[in-house]
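Below is the file data.txt, which contains compact mmCIF, C-alpha atoms.
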```txt
# COMPACT_ATOMS: atom_id res chain seq x y z
CA MET A 1 76.08 -92.82 -1.73
CA LYS A 2 73.48 -94.78 0.24
CA LYS A 3 73.39 -92.11 2.97
CA GLU A 4 72.82 -89.38 0.40
CA ARG A 5 69.95 -91.38 -1.19
CA LYS A 6 68.29 -91.91 2.20
CA LYS A 7 68.69 -88.23 2.99
CA THR A 8 67.09 -87.24 -0.35
CA PHE A 9 64.23 -89.75 0.08
CA GLY A 10 63.54 -88.42 3.58
CA LEU A 11 63.47 -84.89 2.21
CA TYR A 12 60.86 -85.90 -0.42
CA LEU A 13 58.68 -87.52 2.24
CA GLY A 14 58.84 -84.40 4.37
CA ILE A 15 57.77 -82.23 1.45
CA ILE A 16 54.83 -84.55 0.60
CA PHE A 17 53.69 -84.60 4.25
CA LEU A 18 53.75 -80.80 4.46
CA ALA A 19 51.79 -80.53 1.19
CA LEU A 20 49.08 -82.88 2.47
CA LEU A 21 48.90 -81.02 5.77
CA PHE A 22 48.44 -77.62 4.06
CA SER A 23 45.84 -79.09 1.68
CA PHE A 24 43.75 -80.50 4.56
CA THR A 25 43.99 -77.26 6.55
CA GLY A 26 42.90 -75.21 3.48
CA CYS A 27 39.76 -77.35 2.98
CA LYS A 28 38.79 -76.87 6.63
CA SER A 29 39.30 -73.13 6.30
CA ARG A 30 37.18 -72.87 3.14
CA GLU A 31 34.44 -74.98 4.77
CA ALA A 32 34.41 -72.66 7.78
CA GLU A 33 34.14 -69.61 5.51
CA PHE A 34 31.24 -71.19 3.58
CA LEU A 35 29.34 -72.00 6.78
CA ALA A 36 29.94 -68.49 8.11
CA GLY A 37 28.61 -67.05 4.84
CA GLU A 38 25.37 -69.06 5.18
CA GLU A 39 24.86 -67.76 8.72
CA ASN A 40 25.27 -64.16 7.51
CA VAL A 41 22.76 -64.65 4.69
CA SER A 42 20.18 -66.15 7.05
CA GLU A 43 20.69 -63.27 9.51
CA GLU A 44 20.34 -60.59 6.81
CA ALA A 45 17.11 -62.04 5.27
CA PRO A 46 14.17 -59.72 6.10
CA PRO A 47 11.40 -61.23 8.24
CA GLU A 48 8.13 -62.08 6.49
CA GLU A 49 5.14 -59.92 7.33
CA GLU A 50 2.55 -61.67 9.40
CA GLU A 51 -1.12 -61.35 8.47
CA THR A 52 -3.55 -60.58 11.22
CA PRO A 53 -6.23 -63.31 11.19
CA GLY A 54 -9.82 -62.12 10.76
CA GLU A 55 -8.79 -58.67 9.50
CA GLU A 56 -10.87 -57.54 6.48
CA ALA A 57 -10.64 -54.50 4.23
CA PRO A 58 -13.31 -51.86 4.97
CA GLU A 59 -16.23 -51.88 2.53
CA ALA A 60 -16.86 -48.78 0.42
CA THR A 61 -20.00 -46.86 1.34
CA VAL A 62 -22.43 -46.61 -1.61
CA PRO A 63 -24.50 -43.40 -1.55
CA PRO A 64 -28.27 -43.85 -2.06
CA ARG A 65 -29.46 -43.31 -5.64
CA LYS A 66 -31.50 -40.19 -6.32
CA ILE A 67 -34.48 -39.57 -8.62
CA PHE A 68 -36.13 -36.41 -9.96
CA VAL A 69 -39.90 -35.99 -9.73
CA ASP A 70 -42.15 -33.24 -11.12
CA VAL A 71 -44.76 -32.26 -8.52
CA CYS A 72 -47.57 -30.06 -9.83
CA GLY A 73 -51.23 -29.22 -9.31
CA ALA A 74 -52.71 -28.26 -5.96
CA VAL A 75 -49.47 -28.12 -3.93
CA ALA A 76 -47.84 -25.13 -2.26
CA ASN A 77 -44.65 -25.08 -4.34
CA PRO A 78 -44.93 -26.95 -7.65
CA GLY A 79 -41.62 -27.90 -9.22
CA VAL A 80 -39.02 -30.60 -9.87
CA TYR A 81 -37.59 -32.17 -6.72
CA GLU A 82 -34.68 -34.54 -6.03
CA LEU A 83 -35.73 -37.44 -3.82
CA ASP A 84 -34.36 -40.78 -2.66
CA ALA A 85 -34.96 -43.69 -5.02
CA ASP A 86 -37.32 -45.44 -2.59
CA SER A 87 -39.56 -42.39 -2.07
CA ARG A 88 -43.36 -42.48 -2.05
CA VAL A 89 -45.94 -39.96 -3.25
CA PHE A 90 -46.24 -38.38 0.20
CA HIS A 91 -42.50 -37.63 0.15
CA ALA A 92 -42.95 -35.72 -3.11
CA ILE A 93 -45.95 -33.81 -1.71
CA ASP A 94 -44.01 -32.88 1.43
CA ALA A 95 -41.07 -31.69 -0.69
CA ALA A 96 -43.48 -29.42 -2.60
CA GLY A 97 -44.79 -27.83 0.59
CA GLY A 98 -47.87 -29.99 1.10
CA PHE A 99 -51.45 -29.84 -0.20
CA LEU A 100 -53.32 -26.63 -0.87
CA LYS A 101 -56.66 -26.36 0.92
CA GLU A 102 -58.54 -26.91 -2.37
CA ALA A 103 -56.59 -30.11 -3.17
CA ALA A 104 -58.62 -33.31 -3.55
CA SER A 105 -56.22 -35.21 -1.29
CA GLU A 106 -58.65 -38.13 -0.91
CA TYR A 107 -58.17 -38.88 -4.61
CA VAL A 108 -54.40 -39.40 -4.25
CA ASN A 109 -52.71 -42.61 -3.17
CA ARG A 110 -49.97 -41.13 -0.99
CA ALA A 111 -48.38 -44.53 -0.34
CA LYS A 112 -47.66 -45.23 -4.01
CA SER A 113 -44.02 -45.68 -5.07
CA ILE A 114 -42.63 -43.21 -7.58
CA SER A 115 -39.88 -43.52 -10.17
CA ASP A 116 -37.35 -41.25 -11.82
CA GLY A 117 -38.90 -38.75 -14.23
CA GLU A 118 -42.46 -39.29 -12.98
CA GLN A 119 -45.00 -36.49 -12.63
CA VAL A 120 -47.12 -36.31 -9.50
CA TYR A 121 -50.28 -34.32 -10.25
CA ILE A 122 -52.59 -33.27 -7.41
CA PRO A 123 -56.10 -32.35 -8.67
CA THR A 124 -58.42 -29.85 -7.01
CA ARG A 125 -61.90 -30.79 -5.84
CA GLU A 126 -63.35 -28.68 -8.65
CA GLU A 127 -61.35 -30.61 -11.24
CA VAL A 128 -62.53 -33.89 -9.76
CA GLN A 129 -66.17 -32.79 -9.90
CA GLN A 130 -65.85 -31.64 -13.50
CA GLN A 131 -64.30 -34.93 -14.54
CA SER A 132 -66.89 -36.96 -12.56
CA LEU A 133 -64.11 -39.05 -11.05
CA PRO A 134 -65.08 -41.86 -8.68
CA ALA A 135 -63.50 -41.88 -5.25
CA LEU A 136 -60.12 -43.59 -5.48
CA SER A 137 -59.09 -46.10 -2.83
CA ASP A 138 -56.22 -47.89 -4.52
CA ALA A 139 -55.34 -45.72 -7.50
CA GLY A 140 -52.10 -43.90 -7.97
CA VAL A 141 -51.33 -40.31 -8.83
CA ASN A 142 -52.21 -38.71 -12.18
CA ASP A 143 -55.70 -40.22 -11.96
CA GLN A 144 -57.22 -37.06 -13.36
CA ALA A 145 -55.35 -37.56 -16.61
CA ASP A 146 -55.96 -41.33 -16.65
CA ALA A 147 -59.73 -41.18 -15.84
CA LYS A 148 -62.09 -42.31 -18.58
CA VAL A 149 -64.80 -40.06 -19.99
CA ASN A 150 -68.24 -41.22 -18.89
CA LEU A 151 -70.52 -41.07 -21.95
CA ASN A 152 -73.58 -40.73 -19.72
CA THR A 153 -72.35 -37.78 -17.62
CA ALA A 154 -69.67 -35.93 -19.63
CA ASP A 155 -70.42 -32.47 -21.04
CA LYS A 156 -69.46 -31.23 -24.48
CA GLU A 157 -66.01 -29.99 -23.46
CA GLN A 158 -65.13 -33.31 -21.85
CA LEU A 159 -66.29 -35.25 -24.90
CA MET A 160 -64.15 -33.03 -27.12
CA THR A 161 -61.04 -34.19 -25.26
CA LEU A 162 -61.47 -37.57 -26.95
CA SER A 163 -59.44 -38.31 -30.09
CA GLY A 164 -61.45 -37.62 -33.23
CA ILE A 165 -64.39 -36.03 -31.40
CA GLY A 166 -64.93 -32.43 -32.42
CA GLU A 167 -67.71 -30.04 -31.51
CA SER A 168 -70.29 -31.46 -33.94
CA LYS A 169 -69.71 -35.08 -32.86
CA ALA A 170 -69.79 -34.11 -29.20
CA GLU A 171 -73.16 -32.42 -29.73
CA ALA A 172 -74.39 -35.52 -31.60
CA ILE A 173 -73.37 -37.72 -28.64
CA LEU A 174 -75.30 -35.45 -26.24
CA ALA A 175 -78.33 -35.49 -28.49
CA TYR A 176 -78.30 -39.29 -28.76
CA ARG A 177 -77.93 -39.61 -24.99
CA GLU A 178 -81.02 -37.45 -24.39
CA GLU A 179 -83.10 -39.27 -27.01
CA SER A 180 -82.13 -42.83 -26.05
CA GLY A 181 -81.95 -42.34 -22.30
CA GLY A 182 -78.20 -42.99 -22.13
CA PHE A 183 -75.58 -45.46 -23.31
CA GLN A 184 -75.73 -49.07 -22.17
CA THR A 185 -72.30 -50.05 -23.56
CA VAL A 186 -69.41 -48.16 -25.10
CA GLU A 187 -70.26 -49.79 -28.43
CA ASP A 188 -73.56 -47.89 -28.43
CA ILE A 189 -71.59 -44.84 -29.52
CA LEU A 190 -71.65 -46.35 -33.02
CA ASN A 191 -75.36 -45.44 -33.06
CA VAL A 192 -74.40 -41.76 -33.00
CA PRO A 193 -74.44 -40.24 -36.51
CA GLY A 194 -70.93 -39.58 -37.83
CA ILE A 195 -69.11 -42.00 -35.50
CA LYS A 196 -67.66 -45.06 -37.23
CA GLU A 197 -65.61 -48.11 -36.21
CA GLY A 198 -62.34 -46.22 -36.71
CA THR A 199 -63.35 -43.54 -34.22
CA LEU A 200 -64.45 -46.14 -31.67
CA ALA A 201 -61.10 -47.94 -32.00
CA LYS A 202 -59.29 -44.69 -31.12
CA ILE A 203 -61.38 -43.83 -28.05
CA LYS A 204 -62.51 -47.22 -26.74
CA ASP A 205 -59.89 -47.28 -23.96
CA ASP A 206 -60.75 -43.71 -22.95
CA ILE A 207 -64.54 -43.97 -22.51
CA ALA A 208 -66.85 -45.71 -20.06
CA VAL A 209 -70.54 -45.97 -19.20
CA GLU A 210 -72.16 -46.10 -15.77
```
Turn the structure described in the file into structure tokens.
Amino acid sequence: MKKERKKTFGLYLGIIFLALLFSFTGCKSREAEFLAGEENVSEEAPPEEEETPGEEAPEATVPPRKIFVDVCGAVANPGVYELDADSRVFHAIDAAGGFLKEAASEYVNRAKSISDGEQVYIPTREEVQQQSLPALSDAGVNDQADAKVNLNTADKEQLMTLSGIGESKAEAILAYREESGGFQTVEDILNVPGIKEGTLAKIKDDIAVE
């Protein structure tokens, strides 16, 4: 009986030893598989893209802005022209073919800047003489339209261009000028029969005396 018990006990110990051995070997195997899996993941990960230092995106080119200018008067080819935004009067004149021979070019400031929608008017010498315009050294274009009417030199037609001045009032201004020897100030026009404060208020910025 004792021999059989010893034999059975030895058999149990053998079984336990084998179980522990297989358990330890299985853990090592699973650990090896885990480590191998990590190596595969690290090898399959795509490399990060490297940025080139100092590399910048190209800037977009902005086209220059354009303007449209109406060039008329004593130029070869009057019309509306497309110019660069930083253009000057002489650019507009060149685009229109240049001055005509009768143009009063000395009355035009060719270096003046121009803007979109502006009109560049070139007067003739005859127009300048009729308007009694002074020589312009620093004035811009359109001076013919902006010039004031000189009460002491203007004729009847020029006086009639003033607001509220018709034929009869223009003749009255001429008559007063001859009788009084001329106007000393623009307010003297109130001495002309038929011209009141309201009329002076309308034309005060458009008349001058010399």
Review point. In Å, with one decimal, what is the gap from atom CA of A:Ala96 to atom CA of A:Asn77?
Key: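 Separation between atom CA of A:Ala96 and atom CA of A:Asn77: 4.8 Å.
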Practice item. Would you mind telling me which residue in A:Pro123, A:Gly194, A:Gly79, A:Gly182 lies nearest to A:Phe99 when using only C-alpha atoms? Key: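 Going through A:Pro123, A:Gly194, A:Gly79, A:Gly182 one by one, the smallest distance to A:Phe99 is for A:Pro123.
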Exercise for review: Between atom CA of A:Ala154 and atom CA of A:Val71, measure the distance and give it in Å to one decimal.
Suggested key: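 Answer for the atom CA of A:Ala154 to atom CA of A:Val71 separation: 27.5 Å.
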Check your understanding: Given the choices A:Glu210, A:Asp205, A:Glu126, A:Glu167, which gets closest to A:Gln184 if the distance is worked out from only C-alpha atoms?
Key ->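 So, comparing all the options, the nearest one is A:Glu210.
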Review point. Which value, in Å to one decimal, gives the distance between atom CA of A:Leu83 and atom CA of A:Val69?
Key: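 Interatomic distance, atom CA of A:Leu83 to atom CA of A:Val69: 7.4 Å.
Nearest-residue note for A:Lys169: choosing from A:Ile195, A:Glu102, A:Lys148, A:Asp155, the minimum distance belongs to A:Ile195, counting all atoms listed in the file.
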Exercise for review: Point out the residue among A:Asp188, A:Asp116, A:Glu82, A:Asp206 with the least atom-to-atom distance to A:Asn150, counting all atoms listed in the file.
Suggested key: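 The answer is A:Asp206, which sits nearest to A:Asn150.
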Exercise for review: May I ask which of the residues A:Ile173, A:Pro78, A:Glu178, A:Lys101 is the closest one to A:Val192, counting all atoms listed in the file?
Suggested key: A:Ile173
Check your understanding: For A:Phe68, which residue among A:Gly117, A:Asn191, A:Val108, A:Arg88 is the nearest when counting all atoms listed in the file?
Key ->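 Counting all atoms listed in the file, the residue closest to A:Phe68 is A:Gly117.
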Check your understanding: Which neighbours of A:Ala103 fall inside 10 Å, counting only C-alpha atoms, when residues of the same chain fewer than 2 positions from it are skipped, and could you give them as a list in words?
Key ->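 What passes the distance filter is Gly73, Ala74, Val75, Gly98, Phe99, Leu100, Lys101, Ser105, Glu106, Tyr107, Val108, Ile122, Pro123, Thr124, Arg125, Glu126, Glu127 and Val128 of chain A.
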